[in-house]
Amino acid sequence: MALKKIYLFVEGNDDALFFSTLIVPLLKNQYDDVEILQFAQMKKIRSIKFVESINMLGFDYLVFADMDEEATLAQKKRKLQMRFENVPFHKMIIVVAEIESWYIAGLKKEKAIEWKIEEIEQTELVTKEIFNQLYFKRFNSRLDFMQEILKEYDYELAKERNASFNYFFKTFIEKAAVKRE
C-alpha cells in the first residue's frame, strides 16, 4: 500500500503552532504522514520546487495564507499563485482575516469570561493587532495566550464564528473523513 501523505504550507510560526496542535491530529486519521512547511521565509523557487516534488511523488498538499489586505479571495489566490506558480485554486485555503482570527474563533465562552475578554461572534475581522490587545497584561506572552486557547479549542464554535475556518473544516476534515470510512 502506498504512503498517503499531505504537506501543509503555512506562513509562519503562529500558523505552524495552530496546525500542529489542532489540525495534524485530525488529518492523521486520513493520512499516514502530515508535514508542515513554513513558506513565508522560503524563496519562491524553493516553494515551486517543493510543490513539483510533492506532485511527482503523488502526495497531497494544501497552501494556507492570511487574507491580509487583499479585497477578494480570488485576488489573494492569484497573488499566491504568483508565488507558487503551479498550485491550483482548490489547493489554497485563505484564512480570513489572519490566523489569529482562527485562534479566537475557537476560544470557549467560559475562558473568554475568565480572562475578561469580550466575546467576538464573528472573528473575520480579528487581526494580529486586535489579537495582541486581547491578551495584553493577562498572559506572560502571546505564545502563552495561544497555547492556552489551543488546550481547550472548540471546533464547533470556531465553525460558527469564522466562515473561512468553517469552509476549511467542512471541506478538508469532515468530508475527507467521510470518504475514508
# chains A, B, ... in the order shown; residues from 1 in each chain; ligands from 1
$ residues_around --residues "A:Val95" --least-positions-apart "4" --cutoff "10 Å" --atoms "only C-alpha atoms" --output "PyMOL selection string"
chain A and resi 64-68+73+99-102+124+162-165+167-168
$ write_last_selection --atoms "C-alpha atoms" --output "PDB file, in the first residue's frame"
ATOM      1  CA  PHE A  64      -2.754  28.302   3.741  1.00  0.00           C
ATOM      2  CA  ALA A  65      -2.382  32.074   3.705  1.00  0.00           C
ATOM      3  CA  ASP A  66      -3.871  35.031   5.544  1.00  0.00           C
ATOM      4  CA  MET A  67      -6.227  37.263   3.572  1.00  0.00           C
ATOM      5  CA  ASP A  68      -4.210  40.310   4.642  1.00  0.00           C
ATOM      6  CA  LEU A  73     -10.354  35.674  -2.098  1.00  0.00           C
ATOM      7  CA  ILE A  99      -4.564  33.039  11.625  1.00  0.00           C
ATOM      8  CA  GLU A 100      -5.277  34.888  14.877  1.00  0.00           C
ATOM      9  CA  SER A 101      -8.940  35.003  13.842  1.00  0.00           C
ATOM     10  CA  TRP A 102      -8.980  31.192  13.782  1.00  0.00           C
ATOM     11  CA  GLU A 124     -13.245  37.505  10.372  1.00  0.00           C
ATOM     12  CA  ASN A 162     -15.391  32.099  11.260  1.00  0.00           C
ATOM     13  CA  ALA A 163     -16.595  31.306   7.741  1.00  0.00           C
ATOM     14  CA  SER A 164     -13.121  30.522   6.382  1.00  0.00           C
ATOM     15  CA  PHE A 165     -12.445  28.060   9.217  1.00  0.00           C
ATOM     16  CA  TYR A 167     -15.138  26.110   4.908  1.00  0.00           C
ATOM     17  CA  PHE A 168     -11.752  24.511   5.566  1.00  0.00           C
TER      18      PHE A 168
END
$ select_by_dssp --residues "stretch 107-169 of chain A" --states "helix (DSSP H, G or I)" --output "PDB file with C-alpha atoms, in the first residue's frame"
ATOM      1  CA  LYS A 109     -17.034  31.352  26.158  1.00  0.00           C
ATOM      2  CA  GLU A 110     -16.124  30.292  29.702  1.00  0.00           C
ATOM      3  CA  LYS A 111     -12.455  31.047  29.067  1.00  0.00           C
ATOM      4  CA  ALA A 112     -13.280  34.417  27.495  1.00  0.00           C
ATOM      5  CA  ILE A 113     -15.238  35.336  30.637  1.00  0.00           C
ATOM      6  CA  GLU A 114     -12.491  34.034  32.937  1.00  0.00           C
ATOM      7  CA  LYS A 128      -2.740  40.454  14.816  1.00  0.00           C
ATOM      8  CA  GLU A 129      -3.166  43.900  16.351  1.00  0.00           C
ATOM      9  CA  ILE A 130      -6.608  43.104  17.795  1.00  0.00           C
ATOM     10  CA  PHE A 131      -5.368  39.711  18.995  1.00  0.00           C
ATOM     11  CA  ASN A 132      -2.425  41.331  20.781  1.00  0.00           C
ATOM     12  CA  GLN A 133      -4.772  43.705  22.612  1.00  0.00           C
ATOM     13  CA  LEU A 134      -6.840  40.756  23.856  1.00  0.00           C
ATOM     14  CA  TYR A 135      -4.028  39.058  25.742  1.00  0.00           C
ATOM     15  CA  ARG A 142       1.483  35.984  23.051  1.00  0.00           C
ATOM     16  CA  LEU A 143       2.677  32.370  22.833  1.00  0.00           C
ATOM     17  CA  ASP A 144       1.246  31.596  26.302  1.00  0.00           C
ATOM     18  CA  PHE A 145      -2.106  33.017  25.207  1.00  0.00           C
ATOM     19  CA  MET A 146      -2.136  30.950  22.021  1.00  0.00           C
ATOM     20  CA  GLN A 147      -1.216  27.760  23.845  1.00  0.00           C
ATOM     21  CA  GLU A 148      -3.950  28.308  26.428  1.00  0.00           C
ATOM     22  CA  ILE A 149      -6.569  28.765  23.701  1.00  0.00           C
ATOM     23  CA  LEU A 150      -5.395  25.611  21.921  1.00  0.00           C
ATOM     24  CA  LYS A 151      -5.663  23.499  25.102  1.00  0.00           C
ATOM     25  CA  TYR A 155     -14.024  23.322  16.799  1.00  0.00           C
ATOM     26  CA  GLU A 156     -17.816  23.655  16.618  1.00  0.00           C
ATOM     27  CA  LEU A 157     -17.719  27.189  17.997  1.00  0.00           C
ATOM     28  CA  ALA A 158     -14.897  28.057  15.596  1.00  0.00           C
ATOM     29  CA  LYS A 159     -17.004  26.869  12.645  1.00  0.00           C
ATOM     30  CA  GLU A 160     -19.841  29.156  13.788  1.00  0.00           C
ATOM     31  CA  ARG A 161     -17.615  32.177  14.335  1.00  0.00           C
ATOM     32  CA  ALA A 163     -16.595  31.306   7.741  1.00  0.00           C
ATOM     33  CA  SER A 164     -13.121  30.522   6.382  1.00  0.00           C
ATOM     34  CA  PHE A 165     -12.445  28.060   9.217  1.00  0.00           C
ATOM     35  CA  ASN A 166     -15.875  26.523   8.628  1.00  0.00           C
ATOM     36  CA  TYR A 167     -15.138  26.110   4.908  1.00  0.00           C
ATOM     37  CA  PHE A 168     -11.752  24.511   5.566  1.00  0.00           C
ATOM     38  CA  PHE A 169     -13.059  22.207   8.297  1.00  0.00           C
TER      39      PHE A 169
END
$ residues_around --residues "stretch 44-48 of chain A" --least-positions-apart "5" --cutoff "8 Å" --atoms "only C-alpha atoms" --output "number ranges by chain"
A: 39, 83-86
$ write_last_selection --atoms "C-alpha atoms" --output "mmCIF file, in the first residue's frame"
data_model
loop_
_atom_site.group_PDB
_atom_site.id
_atom_site.type_symbol
_atom_site.label_atom_id
_atom_site.label_comp_id
_atom_site.auth_asym_id
_atom_site.auth_seq_id
_atom_site.Cartn_x
_atom_site.Cartn_y
_atom_site.Cartn_z
ATOM 1 C CA PHE A 39 6.823 29.237 3.406
ATOM 2 C CA ARG A 83 4.475 32.729 -5.628
ATOM 3 C CA PHE A 84 3.800 29.009 -6.137
ATOM 4 C CA GLU A 85 3.010 29.151 -9.891
ATOM 5 C CA ASN A 86 1.550 25.683 -10.417
#
$ residues_around --residues "A:Leu26" --least-positions-apart "6" --cutoff "12 Å" --atoms "only C-alpha atoms" --output "ChimeraX atom specification"
/A:19-20,32-34,155,169,172-174,176-177
$ closest_residue --among "A:Ile36, A:Leu57, A:Ala105, A:Ile94" --to "A:Ala2" --atoms "only C-alpha atoms"
A:Leu57
$ atom_distance --atom1 "atom CA of A:Pro25" --atom2 "atom CA of A:Glu98"
21.8 Å
$ select_by_dssp --residues "stretch 43-164 of chain A" --states "strand (DSSP E)" --output "PyMOL selection string"
chain A and resi 60-66+92-95
$ write_last_selection --atoms "C-alpha atoms" --output "PDB file, in the first residue's frame"
ATOM      1  CA  ASP A  60      -1.268  15.763  -1.373  1.00  0.00           C
ATOM      2  CA  TYR A  61      -0.807  19.343  -0.204  1.00  0.00           C
ATOM      3  CA  LEU A  62      -2.675  22.484   0.808  1.00  0.00           C
ATOM      4  CA  VAL A  63      -1.432  26.066   0.942  1.00  0.00           C
ATOM      5  CA  PHE A  64      -2.754  28.302   3.741  1.00  0.00           C
ATOM      6  CA  ALA A  65      -2.382  32.074   3.705  1.00  0.00           C
ATOM      7  CA  ASP A  66      -3.871  35.031   5.544  1.00  0.00           C
ATOM      8  CA  MET A  92      -5.379  27.160  -1.467  1.00  0.00           C
ATOM      9  CA  ILE A  93      -7.137  27.967   1.792  1.00  0.00           C
ATOM     10  CA  ILE A  94      -7.387  31.642   2.642  1.00  0.00           C
ATOM     11  CA  VAL A  95      -7.628  32.438   6.351  1.00  0.00           C
TER      12      VAL A  95
END
$ closest_residue --among "A:Ala40, A:Val24, A:Ala71, A:Leu107" --to "A:Glu121" --atoms "only C-alpha atoms"
A:Leu107
$ decode --residues "stretch 10-55 of chain A" --atoms "N, CA and C atoms" --output "PDB file, in the first residue's frame"
ATOM      1  N   VAL A  10       2.193  26.609   5.419  1.00  0.00           N
ATOM      2  CA  VAL A  10       1.655  27.683   6.250  1.00  0.00           C
ATOM      3  C   VAL A  10       2.654  28.832   6.259  1.00  0.00           C
ATOM      4  N   GLU A  11       2.185  30.011   6.641  1.00  0.00           N
ATOM      5  CA  GLU A  11       3.054  31.182   6.545  1.00  0.00           C
ATOM      6  C   GLU A  11       4.159  31.208   7.597  1.00  0.00           C
ATOM      7  N   GLY A  12       3.807  31.123   8.868  1.00  0.00           N
ATOM      8  CA  GLY A  12       4.827  31.321   9.900  1.00  0.00           C
ATOM      9  C   GLY A  12       4.612  30.495  11.152  1.00  0.00           C
ATOM     10  N   ASN A  13       5.261  30.911  12.233  1.00  0.00           N
ATOM     11  CA  ASN A  13       5.257  30.164  13.497  1.00  0.00           C
ATOM     12  C   ASN A  13       3.872  30.032  14.119  1.00  0.00           C
ATOM     13  N   ASP A  14       3.090  31.118  14.124  1.00  0.00           N
ATOM     14  CA  ASP A  14       1.757  31.070  14.733  1.00  0.00           C
ATOM     15  C   ASP A  14       0.858  30.087  13.987  1.00  0.00           C
ATOM     16  N   ASP A  15       0.985  30.073  12.675  1.00  0.00           N
ATOM     17  CA  ASP A  15       0.224  29.124  11.848  1.00  0.00           C
ATOM     18  C   ASP A  15       0.684  27.692  12.139  1.00  0.00           C
ATOM     19  N   ALA A  16       1.992  27.499  12.207  1.00  0.00           N
ATOM     20  CA  ALA A  16       2.549  26.161  12.457  1.00  0.00           C
ATOM     21  C   ALA A  16       2.077  25.621  13.801  1.00  0.00           C
ATOM     22  N   LEU A  17       2.038  26.473  14.825  1.00  0.00           N
ATOM     23  CA  LEU A  17       1.553  26.052  16.143  1.00  0.00           C
ATOM     24  C   LEU A  17       0.090  25.628  16.063  1.00  0.00           C
ATOM     25  N   PHE A  18      -0.729  26.434  15.419  1.00  0.00           N
ATOM     26  CA  PHE A  18      -2.152  26.133  15.272  1.00  0.00           C
ATOM     27  C   PHE A  18      -2.358  24.792  14.568  1.00  0.00           C
ATOM     28  N   PHE A  19      -1.703  24.627  13.429  1.00  0.00           N
ATOM     29  CA  PHE A  19      -1.905  23.415  12.630  1.00  0.00           C
ATOM     30  C   PHE A  19      -1.304  22.181  13.292  1.00  0.00           C
ATOM     31  N   SER A  20      -0.136  22.303  13.884  1.00  0.00           N
ATOM     32  CA  SER A  20       0.484  21.127  14.514  1.00  0.00           C
ATOM     33  C   SER A  20      -0.319  20.665  15.725  1.00  0.00           C
ATOM     34  N   THR A  21      -0.924  21.606  16.439  1.00  0.00           N
ATOM     35  CA  THR A  21      -1.689  21.255  17.637  1.00  0.00           C
ATOM     36  C   THR A  21      -3.089  20.747  17.314  1.00  0.00           C
ATOM     37  N   LEU A  22      -3.786  21.426  16.407  1.00  0.00           N
ATOM     38  CA  LEU A  22      -5.201  21.126  16.175  1.00  0.00           C
ATOM     39  C   LEU A  22      -5.511  20.338  14.904  1.00  0.00           C
ATOM     40  N   ILE A  23      -4.828  20.616  13.837  1.00  0.00           N
ATOM     41  CA  ILE A  23      -5.208  20.051  12.540  1.00  0.00           C
ATOM     42  C   ILE A  23      -4.464  18.760  12.219  1.00  0.00           C
ATOM     43  N   VAL A  24      -3.180  18.710  12.518  1.00  0.00           N
ATOM     44  CA  VAL A  24      -2.404  17.489  12.230  1.00  0.00           C
ATOM     45  C   VAL A  24      -3.030  16.252  12.875  1.00  0.00           C
ATOM     46  N   PRO A  25      -3.416  16.297  14.169  1.00  0.00           N
ATOM     47  CA  PRO A  25      -4.034  15.087  14.753  1.00  0.00           C
ATOM     48  C   PRO A  25      -5.298  14.643  14.015  1.00  0.00           C
ATOM     49  N   LEU A  26      -6.075  15.587  13.511  1.00  0.00           N
ATOM     50  CA  LEU A  26      -7.286  15.228  12.763  1.00  0.00           C
ATOM     51  C   LEU A  26      -6.944  14.623  11.404  1.00  0.00           C
ATOM     52  N   LEU A  27      -5.940  15.177  10.753  1.00  0.00           N
ATOM     53  CA  LEU A  27      -5.540  14.664   9.439  1.00  0.00           C
ATOM     54  C   LEU A  27      -4.851  13.303   9.527  1.00  0.00           C
ATOM     55  N   LYS A  28      -4.316  12.974  10.691  1.00  0.00           N
ATOM     56  CA  LYS A  28      -3.646  11.670  10.852  1.00  0.00           C
ATOM     57  C   LYS A  28      -4.650  10.522  10.762  1.00  0.00           C
ATOM     58  N   ASN A  29      -5.943  10.834  10.862  1.00  0.00           N
ATOM     59  CA  ASN A  29      -6.973   9.819  10.639  1.00  0.00           C
ATOM     60  C   ASN A  29      -7.112   9.499   9.155  1.00  0.00           C
ATOM     61  N   GLN A  30      -6.660  10.423   8.299  1.00  0.00           N
ATOM     62  CA  GLN A  30      -6.813  10.273   6.854  1.00  0.00           C
ATOM     63  C   GLN A  30      -5.490  10.027   6.134  1.00  0.00           C
ATOM     64  N   TYR A  31      -4.389  10.416   6.765  1.00  0.00           N
ATOM     65  CA  TYR A  31      -3.071  10.316   6.135  1.00  0.00           C
ATOM     66  C   TYR A  31      -2.105   9.564   7.040  1.00  0.00           C
ATOM     67  N   ASP A  32      -1.161   8.874   6.423  1.00  0.00           N
ATOM     68  CA  ASP A  32      -0.108   8.196   7.185  1.00  0.00           C
ATOM     69  C   ASP A  32       0.882   9.199   7.760  1.00  0.00           C
ATOM     70  N   ASP A  33       1.063  10.309   7.056  1.00  0.00           N
ATOM     71  CA  ASP A  33       2.022  11.319   7.495  1.00  0.00           C
ATOM     72  C   ASP A  33       1.521  12.704   7.104  1.00  0.00           C
ATOM     73  N   VAL A  34       1.711  13.657   8.017  1.00  0.00           N
ATOM     74  CA  VAL A  34       1.334  15.047   7.778  1.00  0.00           C
ATOM     75  C   VAL A  34       2.551  15.897   8.098  1.00  0.00           C
ATOM     76  N   GLU A  35       2.948  16.723   7.142  1.00  0.00           N
ATOM     77  CA  GLU A  35       4.122  17.566   7.364  1.00  0.00           C
ATOM     78  C   GLU A  35       3.762  19.032   7.151  1.00  0.00           C
ATOM     79  N   ILE A  36       4.250  19.873   8.057  1.00  0.00           N
ATOM     80  CA  ILE A  36       4.019  21.310   7.973  1.00  0.00           C
ATOM     81  C   ILE A  36       5.277  21.980   7.444  1.00  0.00           C
ATOM     82  N   LEU A  37       5.096  22.832   6.446  1.00  0.00           N
ATOM     83  CA  LEU A  37       6.203  23.605   5.879  1.00  0.00           C
ATOM     84  C   LEU A  37       5.860  25.089   5.974  1.00  0.00           C
ATOM     85  N   GLN A  38       6.744  25.864   6.571  1.00  0.00           N
ATOM     86  CA  GLN A  38       6.543  27.307   6.654  1.00  0.00           C
ATOM     87  C   GLN A  38       7.153  27.968   5.417  1.00  0.00           C
ATOM     88  N   PHE A  39       6.326  28.689   4.667  1.00  0.00           N
ATOM     89  CA  PHE A  39       6.823  29.237   3.406  1.00  0.00           C
ATOM     90  C   PHE A  39       7.126  30.731   3.423  1.00  0.00           C
ATOM     91  N   ALA A  40       6.774  31.446   4.476  1.00  0.00           N
ATOM     92  CA  ALA A  40       6.965  32.902   4.481  1.00  0.00           C
ATOM     93  C   ALA A  40       8.419  33.301   4.234  1.00  0.00           C
ATOM     94  N   GLN A  41       9.350  32.549   4.807  1.00  0.00           N
ATOM     95  CA  GLN A  41      10.768  32.874   4.647  1.00  0.00           C
ATOM     96  C   GLN A  41      11.434  32.088   3.508  1.00  0.00           C
ATOM     97  N   MET A  42      10.653  31.247   2.848  1.00  0.00           N
ATOM     98  CA  MET A  42      11.175  30.423   1.759  1.00  0.00           C
ATOM     99  C   MET A  42      11.303  31.253   0.483  1.00  0.00           C
ATOM    100  N   LYS A  43      12.334  31.021  -0.266  1.00  0.00           N
ATOM    101  CA  LYS A  43      12.460  31.687  -1.565  1.00  0.00           C
ATOM    102  C   LYS A  43      11.420  31.094  -2.519  1.00  0.00           C
ATOM    103  N   LYS A  44      10.971  31.911  -3.455  1.00  0.00           N
ATOM    104  CA  LYS A  44       9.936  31.497  -4.409  1.00  0.00           C
ATOM    105  C   LYS A  44      10.325  30.212  -5.138  1.00  0.00           C
ATOM    106  N   ILE A  45      11.539  30.136  -5.599  1.00  0.00           N
ATOM    107  CA  ILE A  45      11.980  28.959  -6.357  1.00  0.00           C
ATOM    108  C   ILE A  45      11.916  27.692  -5.502  1.00  0.00           C
ATOM    109  N   ARG A  46      12.221  27.834  -4.215  1.00  0.00           N
ATOM    110  CA  ARG A  46      12.162  26.674  -3.311  1.00  0.00           C
ATOM    111  C   ARG A  46      10.713  26.210  -3.137  1.00  0.00           C
ATOM    112  N   SER A  47       9.788  27.167  -2.986  1.00  0.00           N
ATOM    113  CA  SER A  47       8.363  26.832  -2.870  1.00  0.00           C
ATOM    114  C   SER A  47       7.895  26.072  -4.105  1.00  0.00           C
ATOM    115  N   ILE A  48       8.284  26.571  -5.260  1.00  0.00           N
ATOM    116  CA  ILE A  48       7.886  25.940  -6.525  1.00  0.00           C
ATOM    117  C   ILE A  48       8.454  24.524  -6.625  1.00  0.00           C
ATOM    118  N   LYS A  49       9.715  24.362  -6.281  1.00  0.00           N
ATOM    119  CA  LYS A  49      10.371  23.041  -6.348  1.00  0.00           C
ATOM    120  C   LYS A  49       9.714  22.054  -5.379  1.00  0.00           C
ATOM    121  N   PHE A  50       9.352  22.535  -4.176  1.00  0.00           N
ATOM    122  CA  PHE A  50       8.666  21.668  -3.215  1.00  0.00           C
ATOM    123  C   PHE A  50       7.381  21.122  -3.821  1.00  0.00           C
ATOM    124  N   VAL A  51       6.575  22.002  -4.387  1.00  0.00           N
ATOM    125  CA  VAL A  51       5.297  21.580  -4.964  1.00  0.00           C
ATOM    126  C   VAL A  51       5.522  20.614  -6.124  1.00  0.00           C
ATOM    127  N   GLU A  52       6.504  20.885  -6.957  1.00  0.00           N
ATOM    128  CA  GLU A  52       6.815  19.970  -8.068  1.00  0.00           C
ATOM    129  C   GLU A  52       7.183  18.585  -7.545  1.00  0.00           C
ATOM    130  N   SER A  53       8.006  18.532  -6.503  1.00  0.00           N
ATOM    131  CA  SER A  53       8.406  17.244  -5.909  1.00  0.00           C
ATOM    132  C   SER A  53       7.220  16.513  -5.310  1.00  0.00           C
ATOM    133  N   ILE A  54       6.380  17.248  -4.600  1.00  0.00           N
ATOM    134  CA  ILE A  54       5.191  16.652  -3.980  1.00  0.00           C
ATOM    135  C   ILE A  54       4.289  16.057  -5.058  1.00  0.00           C
ATOM    136  N   ASN A  55       4.070  16.812  -6.122  1.00  0.00           N
ATOM    137  CA  ASN A  55       3.241  16.317  -7.237  1.00  0.00           C
ATOM    138  C   ASN A  55       3.849  15.072  -7.868  1.00  0.00           C
TER     139      ASN A  55
END
